[in-house]
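S.K.: I'd like to ask some things about the structure below.
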2 protein chains.
Amino acid sequence: MATGRTHRPATRSRGIPEATVARLPLYLRALTGLSERSVPTVSSEELAAAAGVNSAKLRKDFSYLGSYGTRGVGYDVEYLVYQISRELGLTQDWPVVIVGIGNLGAALANYGGFASRGFRVAALIDADPAMAGKPVAGIPVQHSDELEKIISDNGVSIGVIATPAGAAQPVCDRLVAAGVTSILNFAPTVLTVPDGVDVRKVDLSIELQILAFHEQRKAGEEAAAEAAHPVAAHRGDSTEQGPDGDVPAVMPA
Amino acid sequence: MATGRTHRPATRSRGIPEATVARLPLYLRALTGLSERSVPTVSSEELAAAAGVNSAKLRKDFSYLGSYGTRGVGYDVEYLVYQISRELGLTQDWPVVIVGIGNLGAALANYGGFASRGFRVAALIDADPAMAGKPVAGIPVQHSDELEKIISDNGVSIGVIATPAGAAQPVCDRLVAAGVTSILNFAPTVLTVPDGVDVRKVDLSIELQILAFHEQRKAGEEAAAEAAHPVAAHRGDSTEQGPDGDVPAVMPA
DNA sequence: ATGTCTTTGTGAACGCGTGCACAAAGATGG
DNA sequence: CCATCTTTGTGCACGCGTTCACAAAGACAT
């Protein structure tokens with residue numbers, strides 16, 4: 001899970017479990033697809049398959065929102081789209097700022113998934129004076145000096161940090177001081193924020209490391225299987241290097 | 001949590017809980033920072049603070065790896081870096097391919113966090129013939145036709161998908177058929193893969209939506225607090241544009 | 001109206017993850 | 001060598017999340 005919450009003691013906001021909230025966007029996307037194909041109703045089984053989850057889980061998730069289904073029939077697609085959108089707060093307009101317009105920041109500015117979901121890129125901000133005025137995704141980049149003014153003029157409450165690691169905390173502090181209360185952090189750093197501010201972290205490197213762990217484990221099991229069946233030698237890896245690589249220097253208790 | 005696992009019934013790989021594995025990269029980063037500053041040892045309390053977690057949790061996490069600390073002193077930084085790296089499989093070289101060299105793919109190719117952690121970008125692949133040969137991050141982009149050959153020649157087992165949503169599943173299928181067994185997916189789609197293949201998902205839009213939910217909730221509470229202040233309006237939750245917006249058309253059971 | 005059939009909504013059980021609190025272990029000083 | 005002090009490693013309890021399994025609810029046909 002690439003999610004890094006920041007000190008909210010498992011608060012179930014208004015009775016909706018955090019895990020459920022995290023899945024609502026998934027359902028919403030699947031439903032939007034159905035809606036575009038003019039599918040009128042959908043069963044929990046079908047929708048669950050489209051969203052890649054268990055149908056029981058989906059039904060329980062929806063039960064936290066209310067009784068929006070019809071037994072024997074399923075869920076009305078349009079109605080459910082509306083209910084979930086409203087629950088997530090996507091029926092209103094969320095101006096966001098992106099700070100740090102490097103490769104990643106530019107990618108985010110160009111990302112279509114924002115505008116289609118009620119998010120509006122209010123401004124792109126970078127510390128490099130050479131970037132100022134240069135348009136990215138049709139929006140002129142503004143200098144960091146303008147940060148506080150931009151936030152307050154546009155009523156921005158959500159900020160995206162795509163700066164290098166070193167700049168992240170200072171930028172974060174300025175965002176918070178200016179009134180931002182939700183931060184999506186792409187910089188590989190642990191951000192410290194006051195109470196009441198939400199931080200979510202996306203870390204590309206961490207995701208890859210988790211994959212590497214499982215990959216290594218799979219390679220190890222495969223090697224063990226090969227040792228049992230010395231014939232089927234797939235993938236000439238290296239010289240056998242099992243899951244432990246070499247011998248641990250300290251014996252576990 | 002930007003994490004989307006794919007059908008692994010909470011398998012605790014080799015006794016290490018999934019939640020712990022997800023935190024190991026976090027510890028590793030904090031430790032690397034200490035190592036660069038030549039700090040010899042660190043206590044669980046200090047390291048936990050640097051990694052942004054609870055110290056008890058950190059100690060329990062490390063206990064799954066073995067007894068690598070010294071009571072009364074703490075943990076040896078260098079030794080711990082090595083142990084965690086080995087556990088995550090970062091002592092070996094992981095060639096990865098990035099498919100889909102748009103804004104995001106380019107950002108990933110330029111991302112420094114990969115190379116420094118045992119990952120090597122073996123190839124950049126794109127379906128657009130116009131991109132072929134063009135260097136991105138110093139690596140010439142190759143055409144999709146070469147995909148299978150690249151994977152097998154380089155022994156690639158980890159693939160990164162940064163294509164548009166529509167192209168993701170076909171690309172995924174080809175990657176898997178060619179031998180890739182771990183996939184990091186940035187496309188906003190649910191990927192279907194055979195057993196034995198790991199998928200992790202990073203979805204920028206979903207993270208923002210989760211933030212919007214909490215933001216809305218905060219705004220609602222704030223409004224409720226304001227409503228309570230002026231004349232102490234008890235339970236005025238119906239006419240107020242609170243967290244519910246408008247009145248639900250269906251009454252919950 | 002009655003029965004059958006489909007699908008929801010949920011009570012209950014279970015398992016994982018988290019955090020507390022403390023005993024064990026080792027360092028350090030006298 | 002003994003006492004004290006620091007910090008680890010972990011047993012235990014608790015709460016959240018997941019899954020099962022089924023009763024209730026409604027559609028639909030007769």
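Chain labels A, B, ... are given in the sequence in which chains occur in the structure tokens; within each chain residues are numbered consecutively from 1, and ligands are likewise numbered from 1 in the order shown.
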Within 9 Å of chain D, which residues of chain A come that close, and what is the closest atom pair and distance in Å for each? Count only C-alpha atoms (C1' of nucleotides) and give it as JSON lines.

M.R.:
{"residue": "A:Ala10", "atom": "CA", "partner": "D:DC16", "partner_atom": "C1'", "distance": 8.2}
{"residue": "A:Pro17", "atom": "CA", "partner": "D:DC16", "partner_atom": "C1'", "distance": 8.5}
{"residue": "A:Ala19", "atom": "CA", "partner": "D:DG17", "partner_atom": "C1'", "distance": 7.6}
{"residue": "A:Ala56", "atom": "CA", "partner": "D:DT19", "partner_atom": "C1'", "distance": 7.4}
{"residue": "A:Lys57", "atom": "CA", "partner": "D:DT18", "partner_atom": "C1'", "distance": 7.2}
{"residue": "A:Thr70", "atom": "CA", "partner": "D:DG26", "partner_atom": "C1'", "distance": 7.0}
{"residue": "A:Arg71", "atom": "CA", "partner": "D:DG26", "partner_atom": "C1'", "distance": 5.5}
{"residue": "A:Gly72", "atom": "CA", "partner": "D:DA27", "partner_atom": "C1'", "distance": 6.2}
{"residue": "A:Val73", "atom": "CA", "partner": "D:DA27", "partner_atom": "C1'", "distance": 7.4}

S.K.: With a distance threshold of 7 Å and counting only C-alpha atoms, extract the residues of chain B near chain A and express them as a short mmCIF file (atom, residue, chain, number, x, y, z; two decimals) with N, CA, C and O atoms, in the first residue's frame.

M.R.:
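Resulting contents of selection26.cif:
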data_model
loop_
_atom_site.label_atom_id
_atom_site.label_comp_id
_atom_site.auth_asym_id
_atom_site.auth_seq_id
_atom_site.Cartn_x
_atom_site.Cartn_y
_atom_site.Cartn_z
N MET B 1 -4.31 4.44 0.22
CA MET B 1 -3.41 3.47 -0.12
C MET B 1 -3.40 3.22 -1.54
O MET B 1 -4.26 2.74 -2.12
N ALA B 2 -2.45 3.58 -2.09
CA ALA B 2 -2.44 3.46 -3.53
C ALA B 2 -2.13 2.05 -3.94
O ALA B 2 -1.72 1.78 -5.03
N THR B 3 -2.30 1.14 -3.09
CA THR B 3 -1.86 -0.18 -3.38
C THR B 3 -2.97 -1.07 -3.83
O THR B 3 -4.01 -1.17 -3.20
N VAL B 21 6.47 -5.56 5.31
CA VAL B 21 7.21 -5.43 4.05
C VAL B 21 7.02 -4.04 3.46
O VAL B 21 7.97 -3.42 2.99
N ALA B 22 5.80 -3.54 3.54
CA ALA B 22 5.50 -2.23 2.97
C ALA B 22 6.23 -1.10 3.71
O ALA B 22 6.42 -0.03 3.16
N PRO B 25 10.93 -0.38 3.12
CA PRO B 25 11.56 0.66 2.31
C PRO B 25 11.62 2.00 3.03
O PRO B 25 12.56 2.77 2.86
N ALA B 51 11.29 7.81 10.41
CA ALA B 51 10.51 7.11 9.40
C ALA B 51 9.02 7.46 9.49
O ALA B 51 8.23 7.06 8.65
N GLY B 52 8.67 8.17 10.54
CA GLY B 52 7.28 8.58 10.69
C GLY B 52 6.36 7.48 11.18
O GLY B 52 5.19 7.45 10.84
N GLY B 66 14.72 -10.74 12.51
CA GLY B 66 15.70 -11.35 13.39
C GLY B 66 16.06 -10.39 14.50
O GLY B 66 15.56 -9.28 14.57
N SER B 67 16.95 -10.81 15.36
CA SER B 67 17.38 -9.96 16.48
C SER B 67 18.61 -9.19 16.08
O SER B 67 19.73 -9.62 16.34
N LEU B 88 14.79 -7.23 1.19
CA LEU B 88 13.96 -6.70 0.10
C LEU B 88 14.46 -7.15 -1.27
O LEU B 88 13.78 -6.95 -2.27
N GLY B 89 15.63 -7.75 -1.29
CA GLY B 89 16.15 -8.20 -2.58
C GLY B 89 16.85 -7.11 -3.34
O GLY B 89 16.98 -7.19 -4.56
N ASN B 103 4.25 11.78 -20.66
CA ASN B 103 4.77 12.62 -19.59
C ASN B 103 5.19 11.80 -18.38
O ASN B 103 6.27 11.98 -17.83
N LEU B 104 4.30 10.90 -18.00
CA LEU B 104 4.57 10.12 -16.81
C LEU B 104 5.73 9.15 -17.01
O LEU B 104 6.62 9.04 -16.16
N ALA B 106 8.19 9.42 -18.99
CA ALA B 106 9.44 10.18 -19.00
C ALA B 106 9.85 10.56 -17.58
O ALA B 106 11.03 10.48 -17.21
N ALA B 107 8.87 10.95 -16.79
CA ALA B 107 9.16 11.30 -15.40
C ALA B 107 9.75 10.10 -14.67
O ALA B 107 10.71 10.22 -13.91
N GLY B 113 15.29 7.76 -7.92
CA GLY B 113 15.08 6.79 -6.85
C GLY B 113 15.23 5.35 -7.29
O GLY B 113 15.39 4.46 -6.46
N PHE B 114 15.17 5.11 -8.59
CA PHE B 114 15.28 3.73 -9.06
C PHE B 114 16.71 3.23 -9.01
O PHE B 114 17.02 2.25 -8.33
N SER B 182 6.07 -9.31 -12.25
CA SER B 182 5.67 -8.24 -11.35
C SER B 182 5.40 -6.99 -12.17
O SER B 182 6.19 -6.62 -13.03
N VAL B 190 -8.22 -1.69 -13.96
CA VAL B 190 -7.99 -2.91 -13.20
C VAL B 190 -7.37 -3.93 -14.14
O VAL B 190 -7.97 -4.27 -15.16
N SER B 205 -5.36 9.89 -9.41
CA SER B 205 -6.69 10.44 -9.24
C SER B 205 -7.37 9.90 -7.98
O SER B 205 -8.07 10.63 -7.27
N ILE B 206 -7.15 8.63 -7.70
CA ILE B 206 -7.76 8.04 -6.51
C ILE B 206 -7.26 8.69 -5.24
O ILE B 206 -8.03 8.99 -4.32
N GLN B 209 -8.97 11.90 -4.73
CA GLN B 209 -10.37 11.73 -4.33
C GLN B 209 -10.48 11.41 -2.85
O GLN B 209 -11.41 11.86 -2.18
N ILE B 210 -9.54 10.62 -2.36
CA ILE B 210 -9.57 10.30 -0.93
C ILE B 210 -9.32 11.56 -0.11
O ILE B 210 -9.98 11.81 0.91
N LEU B 211 -8.39 12.38 -0.59
CA LEU B 211 -8.15 13.66 0.09
C LEU B 211 -9.40 14.53 0.06
O LEU B 211 -9.75 15.17 1.06
N ALA B 212 -10.08 14.54 -1.08
CA ALA B 212 -11.28 15.36 -1.21
C ALA B 212 -12.34 14.93 -0.20
O ALA B 212 -13.03 15.76 0.40
N PHE B 213 -12.43 13.63 0.00
CA PHE B 213 -13.41 13.13 0.97
C PHE B 213 -13.14 13.71 2.35
O PHE B 213 -14.04 14.26 3.01
N GLU B 215 -11.34 16.27 3.07
CA GLU B 215 -11.44 17.72 3.01
C GLU B 215 -12.90 18.15 3.19
O GLU B 215 -13.19 19.08 3.95
N GLN B 216 -13.76 17.45 2.51
CA GLN B 216 -15.19 17.74 2.61
C GLN B 216 -15.69 17.54 4.04
O GLN B 216 -16.47 18.33 4.57
N PRO B 252 -31.99 5.65 4.46
CA PRO B 252 -31.28 4.44 4.91
C PRO B 252 -32.15 3.66 5.88
O PRO B 252 -32.93 4.25 6.62
N ALA B 253 -31.99 2.34 5.83
CA ALA B 253 -32.80 1.48 6.70
C ALA B 253 -32.62 1.90 8.12
O ALA B 253 -32.10 1.35 8.94
#

S.K.: If we count only C-alpha atoms (C1' of nucleotides) and set the cut-off at 9 Å, which residues sit around B:Thr163, ignoring sequence neighbours fewer than 3 positions away in its own chain? Please answer as a list of chain:residue names.

M.R.: B:Val99, B:Gly100, B:Ile101, B:Gly102, B:Leu104, B:Gly105, B:Asp126, B:Gly166, B:Ala167, B:Ala168, B:Val171, B:Asn185, B:Phe186, B:Ala187

S.K.: May I have the residues from that selection written out with N, CA and C atoms, as a PDB file, in the first residue's frame?

M.R.:
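Contents of the output file result-v6.pdb:
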ATOM      1  N   VAL B  99       6.889   0.920 -20.017  1.00  0.00           N
ATOM      2  CA  VAL B  99       6.115   0.917 -21.258  1.00  0.00           C
ATOM      3  C   VAL B  99       5.174   2.121 -21.247  1.00  0.00           C
ATOM      4  N   GLY B 100       5.231   2.905 -22.302  1.00  0.00           N
ATOM      5  CA  GLY B 100       4.408   4.098 -22.394  1.00  0.00           C
ATOM      6  C   GLY B 100       5.200   5.325 -21.984  1.00  0.00           C
ATOM      7  N   ILE B 101       5.870   5.951 -22.949  1.00  0.00           N
ATOM      8  CA  ILE B 101       6.762   7.064 -22.610  1.00  0.00           C
ATOM      9  C   ILE B 101       6.064   8.389 -22.909  1.00  0.00           C
ATOM     10  N   GLY B 102       5.008   8.655 -22.194  1.00  0.00           N
ATOM     11  CA  GLY B 102       4.372   9.969 -22.241  1.00  0.00           C
ATOM     12  C   GLY B 102       5.003  10.832 -21.170  1.00  0.00           C
ATOM     13  N   LEU B 104       4.304  10.898 -18.005  1.00  0.00           N
ATOM     14  CA  LEU B 104       4.568  10.120 -16.806  1.00  0.00           C
ATOM     15  C   LEU B 104       5.728   9.152 -17.012  1.00  0.00           C
ATOM     16  N   GLY B 105       5.719   8.454 -18.139  1.00  0.00           N
ATOM     17  CA  GLY B 105       6.803   7.518 -18.424  1.00  0.00           C
ATOM     18  C   GLY B 105       8.152   8.224 -18.409  1.00  0.00           C
ATOM     19  N   ASP B 126       7.613   2.322 -26.359  1.00  0.00           N
ATOM     20  CA  ASP B 126       6.420   3.084 -26.694  1.00  0.00           C
ATOM     21  C   ASP B 126       5.845   2.590 -28.016  1.00  0.00           C
ATOM     22  N   GLY B 166      -6.582   2.489 -22.046  1.00  0.00           N
ATOM     23  CA  GLY B 166      -6.997   1.512 -23.046  1.00  0.00           C
ATOM     24  C   GLY B 166      -5.902   0.535 -23.433  1.00  0.00           C
ATOM     25  N   ALA B 167      -4.675   0.978 -23.396  1.00  0.00           N
ATOM     26  CA  ALA B 167      -3.575   0.130 -23.846  1.00  0.00           C
ATOM     27  C   ALA B 167      -3.024  -0.764 -22.739  1.00  0.00           C
ATOM     28  N   ALA B 168      -3.432  -0.498 -21.512  1.00  0.00           N
ATOM     29  CA  ALA B 168      -2.791  -1.149 -20.365  1.00  0.00           C
ATOM     30  C   ALA B 168      -2.938  -2.672 -20.366  1.00  0.00           C
ATOM     31  N   VAL B 171      -0.929  -4.471 -23.150  1.00  0.00           N
ATOM     32  CA  VAL B 171       0.491  -4.391 -22.808  1.00  0.00           C
ATOM     33  C   VAL B 171       0.805  -5.349 -21.671  1.00  0.00           C
ATOM     34  N   ASN B 185       1.515  -0.695 -12.076  1.00  0.00           N
ATOM     35  CA  ASN B 185       0.557  -0.122 -13.023  1.00  0.00           C
ATOM     36  C   ASN B 185       0.139   1.301 -12.666  1.00  0.00           C
ATOM     37  N   PHE B 186       0.420   2.222 -13.584  1.00  0.00           N
ATOM     38  CA  PHE B 186       0.009   3.613 -13.395  1.00  0.00           C
ATOM     39  C   PHE B 186      -1.238   3.954 -14.184  1.00  0.00           C
ATOM     40  N   ALA B 187      -1.670   3.053 -15.039  1.00  0.00           N
ATOM     41  CA  ALA B 187      -2.863   3.316 -15.836  1.00  0.00           C
ATOM     42  C   ALA B 187      -4.103   3.093 -14.976  1.00  0.00           C
TER      43      ALA B 187
END

S.K.: List every residue of stretch 42-253 of chain A that DSSP, applied to the backbone of this structure, places in alpha helix (DSSP H), and write the result as JSON, numbers by chain.

M.R.: {"A": [44, 45, 46, 47, 48, 49, 50, 51, 55, 56, 57, 58, 59, 60, 61, 62, 63, 64, 65, 77, 78, 79, 80, 81, 82, 83, 84, 85, 86, 87, 88, 103, 104, 105, 106, 107, 108, 109, 110, 112, 113, 114, 115, 147, 148, 149, 150, 151, 152, 153, 154, 165, 166, 167, 168, 169, 170, 171, 172, 173, 174, 175, 176, 177, 178, 204, 205, 206, 207, 208, 209, 210, 211, 212, 213, 214, 215, 216, 217, 218, 219, 220, 221, 222, 223, 224, 225, 226, 227, 228]}

S.K.: Check every residue of chain C for an atom within 8 Å of chain B, counting only C-alpha atoms (C1' of nucleotides), and provide those that qualify as a ChimeraX atom specification.

M.R.: /C:17-19,25-27

S.K.: Can you pull out every residue within 6 Å of B:Ser144, counting only C-alpha atoms (C1' of nucleotides), but drop anything in the same chain fewer than 3 positions away, and send it as a PyMOL selection string?

M.R.: chain B and resi 125-127+147

S.K.: Could you write out, as a PyMOL selection string, all the residues of stretch 75-112 of chain B that DSSP marks as strand (DSSP E)?

M.R.: chain B and resi 75-76+94-99

S.K.: For the selection you just gave me, I'd like the residues written to a file as a CSV table (one decimal), in the first residue's frame, keeping N, CA and C atoms.

M.R.:
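And here is the file that came out, out-v8.csv:
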chain,number,residue,atom,x,y,z
B,75,TYR,N,20.4,0.0,17.2
B,75,TYR,CA,20.7,-0.8,16.1
B,75,TYR,C,21.9,-0.2,15.4
B,76,ASP,N,22.8,-1.1,14.9
B,76,ASP,CA,23.9,-0.6,14.0
B,76,ASP,C,23.4,-0.2,12.7
B,94,TRP,N,17.9,-5.4,-10.5
B,94,TRP,CA,16.6,-5.7,-11.1
B,94,TRP,C,16.4,-4.8,-12.4
B,95,PRO,N,16.5,-5.5,-13.5
B,95,PRO,CA,16.2,-4.7,-14.7
B,95,PRO,C,14.7,-4.5,-14.9
B,96,VAL,N,14.3,-3.3,-15.2
B,96,VAL,CA,12.9,-3.0,-15.4
B,96,VAL,C,12.7,-2.4,-16.7
B,97,VAL,N,11.5,-2.6,-17.3
B,97,VAL,CA,11.1,-1.9,-18.5
B,97,VAL,C,10.0,-0.9,-18.2
B,98,ILE,N,10.0,0.2,-18.8
B,98,ILE,CA,8.9,1.2,-18.7
B,98,ILE,C,8.2,1.2,-20.0
B,99,VAL,N,6.9,0.9,-20.0
B,99,VAL,CA,6.1,0.9,-21.3
B,99,VAL,C,5.2,2.1,-21.2

S.K.: Write out as a list in words the residues lying within 10 Å of A:Val77, counting only C-alpha atoms (C1' of nucleotides) and excluding same-chain residues fewer than 5 positions away.

M.R.: Leu28, Ala30, Leu31, Thr32, Gly33, Leu34, Ser35, Ser38, Val39, Pro40, Thr41, Val42, Ser43, Leu47, Gly69, Tyr82 and Gln83 of chain A

S.K.: Could you save the residues just selected, with all heavy atoms, as a short mmCIF file (atom, residue, chain, number, x, y, z; two decimals), in the first residue's frame?

M.R.:
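Saved as selection.cif:
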data_model
loop_
_atom_site.label_atom_id
_atom_site.label_comp_id
_atom_site.auth_asym_id
_atom_site.auth_seq_id
_atom_site.Cartn_x
_atom_site.Cartn_y
_atom_site.Cartn_z
N LEU A 28 -16.42 4.06 -8.36
CA LEU A 28 -16.87 5.18 -9.18
C LEU A 28 -16.34 5.06 -10.60
O LEU A 28 -17.08 5.30 -11.57
CB LEU A 28 -16.40 6.49 -8.55
CG LEU A 28 -16.92 7.77 -9.18
CD1 LEU A 28 -18.43 7.77 -9.26
CD2 LEU A 28 -16.41 8.99 -8.42
N ALA A 30 -15.46 2.31 -12.20
CA ALA A 30 -16.15 1.20 -12.87
C ALA A 30 -17.55 1.63 -13.28
O ALA A 30 -18.01 1.34 -14.39
CB ALA A 30 -16.20 -0.01 -11.94
N LEU A 31 -18.22 2.34 -12.39
CA LEU A 31 -19.59 2.79 -12.69
C LEU A 31 -19.61 3.79 -13.83
O LEU A 31 -20.50 3.76 -14.69
CB LEU A 31 -20.20 3.42 -11.43
CG LEU A 31 -20.65 2.44 -10.36
CD1 LEU A 31 -20.90 3.17 -9.04
CD2 LEU A 31 -21.90 1.69 -10.80
N THR A 32 -18.63 4.68 -13.86
CA THR A 32 -18.56 5.65 -14.95
C THR A 32 -18.44 4.94 -16.30
O THR A 32 -19.08 5.31 -17.28
CB THR A 32 -17.35 6.59 -14.75
OG1 THR A 32 -17.44 7.19 -13.46
CG2 THR A 32 -17.32 7.67 -15.80
N GLY A 33 -17.63 3.88 -16.30
CA GLY A 33 -17.51 3.09 -17.53
C GLY A 33 -18.84 2.51 -17.96
O GLY A 33 -19.21 2.57 -19.13
N LEU A 34 -19.56 1.97 -17.00
CA LEU A 34 -20.88 1.39 -17.31
C LEU A 34 -21.83 2.47 -17.79
O LEU A 34 -22.60 2.28 -18.73
CB LEU A 34 -21.46 0.70 -16.08
CG LEU A 34 -20.72 -0.55 -15.60
CD1 LEU A 34 -21.29 -1.02 -14.27
CD2 LEU A 34 -20.82 -1.65 -16.63
N SER A 35 -21.76 3.61 -17.14
CA SER A 35 -22.64 4.72 -17.48
C SER A 35 -22.42 5.16 -18.93
O SER A 35 -23.36 5.41 -19.67
CB SER A 35 -22.39 5.89 -16.53
OG SER A 35 -23.11 7.03 -16.94
N SER A 38 -24.11 3.20 -21.26
CA SER A 38 -25.56 3.25 -21.05
C SER A 38 -26.14 1.99 -20.41
O SER A 38 -27.27 1.60 -20.69
CB SER A 38 -26.29 3.51 -22.37
OG SER A 38 -25.84 4.71 -22.95
N VAL A 39 -25.35 1.35 -19.56
CA VAL A 39 -25.88 0.22 -18.81
C VAL A 39 -26.75 0.77 -17.69
O VAL A 39 -26.27 1.59 -16.91
CB VAL A 39 -24.74 -0.64 -18.23
CG1 VAL A 39 -25.29 -1.78 -17.40
CG2 VAL A 39 -23.84 -1.16 -19.35
N PRO A 40 -28.02 0.35 -17.60
CA PRO A 40 -28.92 0.96 -16.63
C PRO A 40 -28.69 0.47 -15.19
O PRO A 40 -28.63 1.27 -14.26
CB PRO A 40 -30.31 0.55 -17.12
CG PRO A 40 -30.09 -0.68 -17.92
CD PRO A 40 -28.69 -0.63 -18.47
N THR A 41 -28.58 -0.84 -15.01
CA THR A 41 -28.38 -1.39 -13.67
C THR A 41 -27.23 -2.39 -13.68
O THR A 41 -26.86 -2.92 -14.72
CB THR A 41 -29.64 -2.10 -13.15
OG1 THR A 41 -29.95 -3.20 -14.01
CG2 THR A 41 -30.82 -1.16 -13.08
N VAL A 42 -26.72 -2.65 -12.47
CA VAL A 42 -25.61 -3.59 -12.35
C VAL A 42 -25.72 -4.33 -11.02
O VAL A 42 -26.12 -3.74 -10.02
CB VAL A 42 -24.26 -2.85 -12.46
CG1 VAL A 42 -24.08 -1.90 -11.29
CG2 VAL A 42 -23.09 -3.82 -12.56
N SER A 43 -25.40 -5.60 -11.03
CA SER A 43 -25.45 -6.36 -9.78
C SER A 43 -24.14 -6.21 -9.03
O SER A 43 -23.12 -5.80 -9.59
CB SER A 43 -25.68 -7.84 -10.08
OG SER A 43 -24.53 -8.42 -10.64
N LEU A 47 -20.39 -5.59 -10.77
CA LEU A 47 -19.64 -4.39 -10.44
C LEU A 47 -18.35 -4.74 -9.70
O LEU A 47 -17.30 -4.15 -9.93
CB LEU A 47 -20.50 -3.44 -9.62
CG LEU A 47 -19.87 -2.10 -9.26
CD1 LEU A 47 -19.39 -1.37 -10.51
CD2 LEU A 47 -20.85 -1.23 -8.50
N GLY A 69 -29.57 -0.14 -3.25
CA GLY A 69 -29.81 -1.19 -4.23
C GLY A 69 -31.25 -1.68 -4.19
O GLY A 69 -32.02 -1.33 -3.31
N TYR A 82 -24.02 9.15 -8.76
CA TYR A 82 -24.30 10.41 -8.07
C TYR A 82 -24.03 10.29 -6.57
O TYR A 82 -23.40 11.15 -5.96
CB TYR A 82 -25.74 10.85 -8.31
CG TYR A 82 -26.16 11.98 -7.42
CD1 TYR A 82 -25.63 13.26 -7.60
CD2 TYR A 82 -27.04 11.77 -6.35
CE1 TYR A 82 -25.98 14.30 -6.76
CE2 TYR A 82 -27.39 12.81 -5.51
CZ TYR A 82 -26.87 14.07 -5.71
OH TYR A 82 -27.21 15.09 -4.88
N GLN A 83 -24.51 9.22 -5.97
CA GLN A 83 -24.36 9.06 -4.53
C GLN A 83 -22.89 8.98 -4.11
O GLN A 83 -22.47 9.60 -3.14
CB GLN A 83 -25.10 7.80 -4.05
CG GLN A 83 -26.61 7.92 -4.09
CD GLN A 83 -27.15 9.01 -3.16
OE1 GLN A 83 -26.45 9.45 -2.25
NE2 GLN A 83 -28.37 9.44 -3.42
#

S.K.: Quote the spacing between atom CA of A:Asp173 and atom CA of B:Glu222 in Å to one decimal place.

M.R.: 21.8 Å

S.K.: Just give me the gap between atom CA of A:Met131 and atom CA of A:Asp145 in Å, one decimal is fine.

M.R.: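 Between these atoms lies a distance of 12.8 Å.
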